[in-house]
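Enquirer: Take a look at my_file_16.txt, compact mmCIF, C-alpha atoms and all ligand atoms:
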```txt
# COMPACT_ATOMS: atom_id res chain seq x y z
CA MET A 122 89.97 44.53 30.10
CA ALA A 123 89.61 47.89 31.75
CA LEU A 124 86.91 50.07 33.20
CA ARG A 125 86.07 53.15 31.15
CA LYS A 126 84.45 56.40 32.14
CA ILE A 127 80.72 56.55 31.37
CA ALA A 128 79.48 59.62 29.45
CA ARG A 129 76.80 61.50 31.36
CA LEU A 130 73.79 63.44 30.09
CA GLY A 131 75.00 66.71 28.65
CA HIS A 132 77.92 65.14 26.80
CA PRO A 133 77.31 65.92 23.11
CA LEU A 134 78.26 62.36 22.05
CA LEU A 135 75.11 61.07 23.72
CA ARG A 136 73.10 63.20 21.29
CA ASP A 137 74.90 62.12 18.10
CA ASN A 138 73.98 59.44 15.61
CA ALA A 139 76.57 56.70 16.10
CA GLU A 140 78.37 55.33 13.03
CA PRO A 141 77.84 51.77 11.83
CA ILE A 142 80.93 49.58 12.15
CA THR A 143 82.53 48.16 9.01
CA PRO A 144 83.65 44.49 8.96
CA LEU A 145 87.28 45.68 8.96
CA GLU A 146 86.73 47.98 11.97
CA LEU A 147 85.01 45.16 13.84
CA GLN A 148 88.09 42.95 13.51
CA ALA A 149 90.40 45.68 14.79
CA GLN A 150 91.96 45.05 18.16
CA SER A 151 90.77 48.46 19.37
CA THR A 152 87.11 47.52 18.66
CA GLN A 153 87.42 44.11 20.31
CA ARG A 154 89.04 45.76 23.32
CA LEU A 155 86.23 48.34 23.42
CA ILE A 156 83.65 45.52 23.53
CA ASP A 157 85.51 43.83 26.41
CA ASP A 158 85.74 47.15 28.27
CA MET A 159 82.05 47.87 27.71
CA LEU A 160 81.15 44.55 29.30
CA GLU A 161 83.43 45.08 32.26
CA THR A 162 82.21 48.66 32.78
CA MET A 163 78.53 47.65 32.56
CA ARG A 164 78.97 44.85 35.09
CA ASP A 165 81.02 47.03 37.42
CA ALA A 166 78.35 49.76 37.32
CA GLY A 167 75.54 47.26 37.91
CA GLY A 168 73.76 48.17 34.66
CA VAL A 169 71.71 45.94 32.35
CA SER A 170 72.87 47.59 29.13
CA ILE A 171 75.67 49.73 27.79
CA THR A 172 76.45 51.24 24.41
CA ALA A 173 79.60 52.52 22.70
CA PRO A 174 78.48 56.19 22.75
CA GLN A 175 78.29 55.90 26.55
CA MET A 176 82.00 54.96 26.39
CA HIS A 177 82.68 58.13 24.35
CA VAL A 178 82.92 56.16 21.10
CA SER A 179 80.29 57.12 18.55
CA LYS A 180 79.87 53.62 17.06
CA GLN A 181 76.94 51.21 16.88
CA ILE A 182 77.61 48.59 19.56
CA ILE A 183 75.26 47.55 22.35
CA ILE A 184 75.59 45.05 25.18
CA ILE A 185 72.72 43.74 27.30
CA GLU A 186 72.75 41.36 30.26
CA VAL A 187 70.29 40.90 33.09
CA ASP A 188 71.58 38.83 35.96
CA PRO A 189 68.74 38.29 38.45
CA VAL A 190 71.33 37.36 41.08
CA LYS A 191 71.78 41.11 41.52
CA PRO A 192 69.25 42.21 44.15
CA ARG A 193 68.19 45.20 42.06
CA TYR A 194 66.93 42.93 39.28
CA ALA A 195 65.72 40.06 41.45
CA ASN A 196 62.16 40.28 40.08
CA LYS A 197 63.25 40.57 36.45
CA PRO A 198 63.67 37.72 33.98
CA ALA A 199 67.29 36.84 33.19
CA VAL A 200 68.66 37.97 29.84
CA PRO A 201 71.83 36.17 28.79
CA LEU A 202 74.78 38.24 27.63
CA THR A 203 73.82 39.78 24.28
CA MET A 204 76.21 41.86 22.16
CA ILE A 205 74.95 43.35 18.91
CA VAL A 206 76.91 45.44 16.44
CA ASN A 207 74.94 47.67 14.05
CA PRO A 208 71.61 46.67 15.62
CA ARG A 209 68.33 47.68 14.06
CA ILE A 210 64.74 46.93 14.87
CA ILE A 211 63.25 45.03 11.94
CA SER A 212 59.72 44.54 13.26
CA HIS A 213 57.62 45.02 16.39
CA GLY A 214 54.19 44.12 17.69
CA ASP A 215 51.49 46.75 18.14
CA GLU A 216 51.35 46.73 21.93
CA LEU A 217 53.08 49.41 24.00
CA GLU A 218 53.67 49.08 27.73
CA ASP A 219 54.74 51.67 30.28
CA GLY A 220 57.65 50.66 32.49
CA TRP A 221 60.37 52.13 34.68
CA GLU A 222 63.76 52.84 33.15
CA GLU A 223 67.08 54.09 34.35
CA CYS A 224 70.38 54.72 32.62
CA LEU A 225 74.07 54.67 33.56
CA SER A 226 74.39 58.06 31.84
CA LEU A 227 71.68 59.62 34.04
CA PRO A 228 72.75 58.28 37.41
CA ASP A 229 70.10 58.13 40.11
CA LEU A 230 67.13 59.02 37.89
CA ARG A 231 64.15 56.89 36.88
CA GLY A 232 61.05 57.45 34.83
CA ARG A 233 58.21 55.61 33.13
CA VAL A 234 58.61 55.06 29.40
CA PRO A 235 56.29 53.39 26.88
CA ARG A 236 58.00 50.71 24.77
CA TRP A 237 56.95 47.99 22.33
CA THR A 238 56.42 44.74 24.23
CA ARG A 239 57.70 42.54 21.38
CA LEU A 240 60.22 43.11 18.67
CA LYS A 241 62.75 41.58 16.36
CA ALA A 242 66.20 43.09 15.96
CA ALA A 243 69.03 42.21 13.62
CA GLY A 244 72.71 43.00 13.42
CA VAL A 245 76.01 41.15 13.68
CA ASP A 246 77.87 39.65 16.62
CA ARG A 247 81.45 40.58 17.60
CA ASP A 248 82.80 38.08 15.07
CA GLY A 249 80.75 39.59 12.25
CA ASN A 250 78.16 36.80 12.03
CA ALA A 251 74.59 37.89 11.29
CA VAL A 252 72.30 37.65 14.30
CA GLU A 253 68.55 38.03 14.67
CA ILE A 254 67.03 38.44 18.09
CA GLU A 255 63.43 38.14 19.20
CA ALA A 256 62.73 39.92 22.45
CA GLU A 257 59.74 40.58 24.63
CA GLY A 258 58.98 42.29 27.91
CA PHE A 259 61.97 43.61 29.86
CA PHE A 260 64.45 42.39 27.22
CA ALA A 261 62.52 44.22 24.48
CA ARG A 262 62.48 47.34 26.66
CA ILE A 263 66.25 47.28 27.21
CA LEU A 264 66.88 46.69 23.50
CA GLN A 265 64.85 49.77 22.59
CA HIS A 266 66.59 51.82 25.30
CA ALA A 267 70.04 50.72 24.04
CA ILE A 268 69.29 51.21 20.33
CA ASP A 269 67.95 54.68 21.19
CA HIS A 270 71.44 55.55 22.52
CA LEU A 271 72.85 54.92 19.02
CA HIS A 272 70.52 57.55 17.60
CA GLY A 273 71.07 60.32 20.12
CA HIS A 274 68.13 59.52 22.39
CA VAL A 275 68.00 58.90 26.12
CA PHE A 276 65.04 57.52 28.05
CA VAL A 277 63.90 60.88 29.39
CA ASP A 278 63.11 61.89 25.78
CA ARG A 279 60.53 59.09 25.73
CA ILE A 280 58.79 59.79 29.06
CA THR A 281 55.20 60.70 28.28
CA ASP A 282 54.41 62.06 31.75
CA LEU A 283 57.37 63.90 33.31
CA ILE A 284 55.68 63.63 36.72
CA THR A 285 57.18 60.12 36.80
CA LEU A 286 60.75 61.45 36.54
CA THR A 287 62.12 60.71 39.99
CA TYR A 288 65.33 60.12 41.91
CA GLN A 289 66.06 56.58 43.03
CA HIS A 290 65.54 57.35 46.72
CA GLU A 291 62.15 58.95 46.08
CA TYR A 292 61.23 56.07 43.78
CA GLU A 293 61.81 53.64 46.62
CA GLU A 294 59.89 55.92 48.98
CA TYR A 295 56.84 56.82 46.90
CA TRP A 296 56.62 54.85 43.66
CA ARG A 297 57.79 51.29 44.09
CA THR A 298 55.06 48.70 43.81
CA GLU A 299 55.04 44.93 43.98
CA GLY A 300 56.99 43.64 41.02
CA GLY A 301 57.95 47.20 40.06
NI NI B 1 70.99 54.08 28.96
```
What do you get writing this file as structure tokens?

Expert:
Amino acid sequence: MALRKIARLGHPLLRDNAEPITPLELQAQSTQRLIDDMLETMRDAGGVSITAPQMHVSKQIIIIEVDPVKPRYANKPAVPLTMIVNPRIISHGDELEDGWEECLSLPDLRGRVPRWTRLKAAGVDRDGNAVEIEAEGFFARILQHAIDHLHGHVFVDRITDLITLTYQHEYEEYWRTEGG
């Protein structure tokens, strides 16, 4: 495994529609290595999700993991390691909730984004087996954030009130609330 450079906002790949992965491509050593590198890079950077476009590969792969052992996510529910290839949202509830988001491609920024609180997503795992995932709360939020990356969207596109766009330091200083 190896660390890879993370694409930052402004890189055109972050604004592209990523390609679905064919079963043959998924088996390729280069794809399996990419998935391993994504995981290592996400953990090294302290993120809770990463996507192939953020690794400069315009393909539909997402990885999510929330480890509450990390102080930054101490008040968040754990999400076990989840890798989905060709993910799509197949249904969602009708409730939206505002919550803070950040992104490895927009280092140091945060903002409040409305997301569905419950959803179902489907895709395949790294071995090509069909998977269906039900997510709610923080997990549902991260899933929507990650799937957005595969369609050329970043969280700032979804902020309804840009007054909430803030640097991390100022967030800690002026915005953080209990449980926030
Ligand atoms: Ni992101």

Enquirer: What's the separation between atom CA of Pro208 of chain A and atom CA of Gly273 of chain A, in Å to one decimal place?

Expert: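 So the two atoms, atom CA of Pro208 of chain A and atom CA of Gly273 of chain A, lie 14.4 Å apart.
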
Enquirer: Can you tell me how far atom CA of Pro198 of chain A sits from atom CA of Arg231 of chain A, in Å to one decimal?

Expert: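 Interatomic distance here is 19.4 Å.
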
Enquirer: Using only C-alpha atoms for the distances, tell me which of A:Ile185, A:Leu230, A:Val190, A:Val275 is nearest to Ala261 of chain A.

Expert: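 Between A:Ile185, A:Leu230, A:Val190, A:Val275, the residue approaching Ala261 of chain A most closely is A:Ile185.
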
Enquirer: Hey, can you check how far atom CA of Ala251 of chain A sits from atom CA of Met204 of chain A?

Expert: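 Interatomic distance, atom CA of Ala251 of chain A to atom CA of Met204 of chain A: 11.7 Å.
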
Enquirer: Which of these, A:Arg193, A:Arg262, A:Arg209, A:Lys180, has the shortest distance to Glu146 of chain A once you count only C-alpha atoms?

Expert: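 Once distances to Glu146 of chain A are computed over only C-alpha atoms, the minimum belongs to A:Lys180.
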
Enquirer: Counting all atoms listed in the file, what are the residues, protein, DNA or RNA alike, that approach ligand NI 1 (chain B) to within 10 Å? I want them as a list in words.

Expert: Arg129, Leu130, Leu135, Gly168, Val169, Ser170, Ile171, Thr172, Pro174, Gln175, Glu222, Glu223, Cys224, Leu225, Ser226, Leu227, Pro228, Ile263, Gln265, His266, Ala267, Ile268, Asp269, His270, His274, Val275, Phe276 and Val277 of chain A

Enquirer: A:Asp215, A:Asp158, A:Asp248, A:Asp229: which is nearest His290 of chain A, counting all atoms listed in the file?

Expert: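 Closest to His290 of chain A of all the choices is A:Asp229.
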
Enquirer: Which residue is closest to Tyr288 of chain A? Choose from A:Pro192, A:Leu147, A:Gly232, A:Arg136 and count all atoms listed in the file.

Expert: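 Closest to Tyr288 of chain A of all the choices is A:Gly232.
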
Enquirer: Which one is closest to Pro235 of chain A: A:Glu218, A:Glu253, A:Glu291, A:Asp137? Count all atoms listed in the file.

Expert: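 Looking at the shortest contact to Pro235 of chain A, the residue is A:Glu218.
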
Enquirer: Need to verify the contact set: Val200 of chain A, 9 Å, only C-alpha atoms, exclusion of same-chain residues closer than 5 positions in sequence. Can you return it as a PyMOL selection string?

Expert: chain A and resi 169+185-189+259-260

Enquirer: Excluding Ala242 of chain A and any residue of its chain fewer than 4 positions from it, enumerate the residues within 9 Å of it, using all atoms listed in the file, and give them as a list in words.

Expert: Pro208, Arg209, Ile210, Ile211, Ser212, His213, Val252, Glu253, Ile254, Glu255, Ala256 and Leu264 of chain A

Enquirer: Which residue is closest to Pro144 of chain A? Choose from A:Tyr295, A:Asp219, A:Ile280, A:Asn207 and count only C-alpha atoms.

Expert: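 Of all the options, A:Asn207 lies closest to Pro144 of chain A.
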
Enquirer: Applying 7 Å and only C-alpha atoms, which residues near Leu217 of chain A remain after dropping the ones on its own chain fewer than 4 positions away? List them as a ChimeraX atom specification.

Expert: /A:235-238

Enquirer: Just want the 8 Å neighbourhood of segment 154-156 of chain A, counted on all atoms listed in the file, with same-chain residues fewer than 4 positions away dropped. Output as a CSV table (one decimal) with C-alpha atoms, in the coordinates of the input.

Expert:
```
chain,number,residue,atom,x,y,z
A,122,MET,CA,90.0,44.5,30.1
A,150,GLN,CA,92.0,45.0,18.2
A,160,LEU,CA,81.2,44.6,29.3
A,173,ALA,CA,79.6,52.5,22.7
A,182,ILE,CA,77.6,48.6,19.6
```

Enquirer: List as a ChimeraX atom specification the protein and nucleic acid residues near segment 123-126 of chain A, meaning an atom at most 8 Å away when only C-alpha atoms are counted, but skip any in the same chain fewer than 4 places from it.

Expert: /A:157-159,161-162,165,176
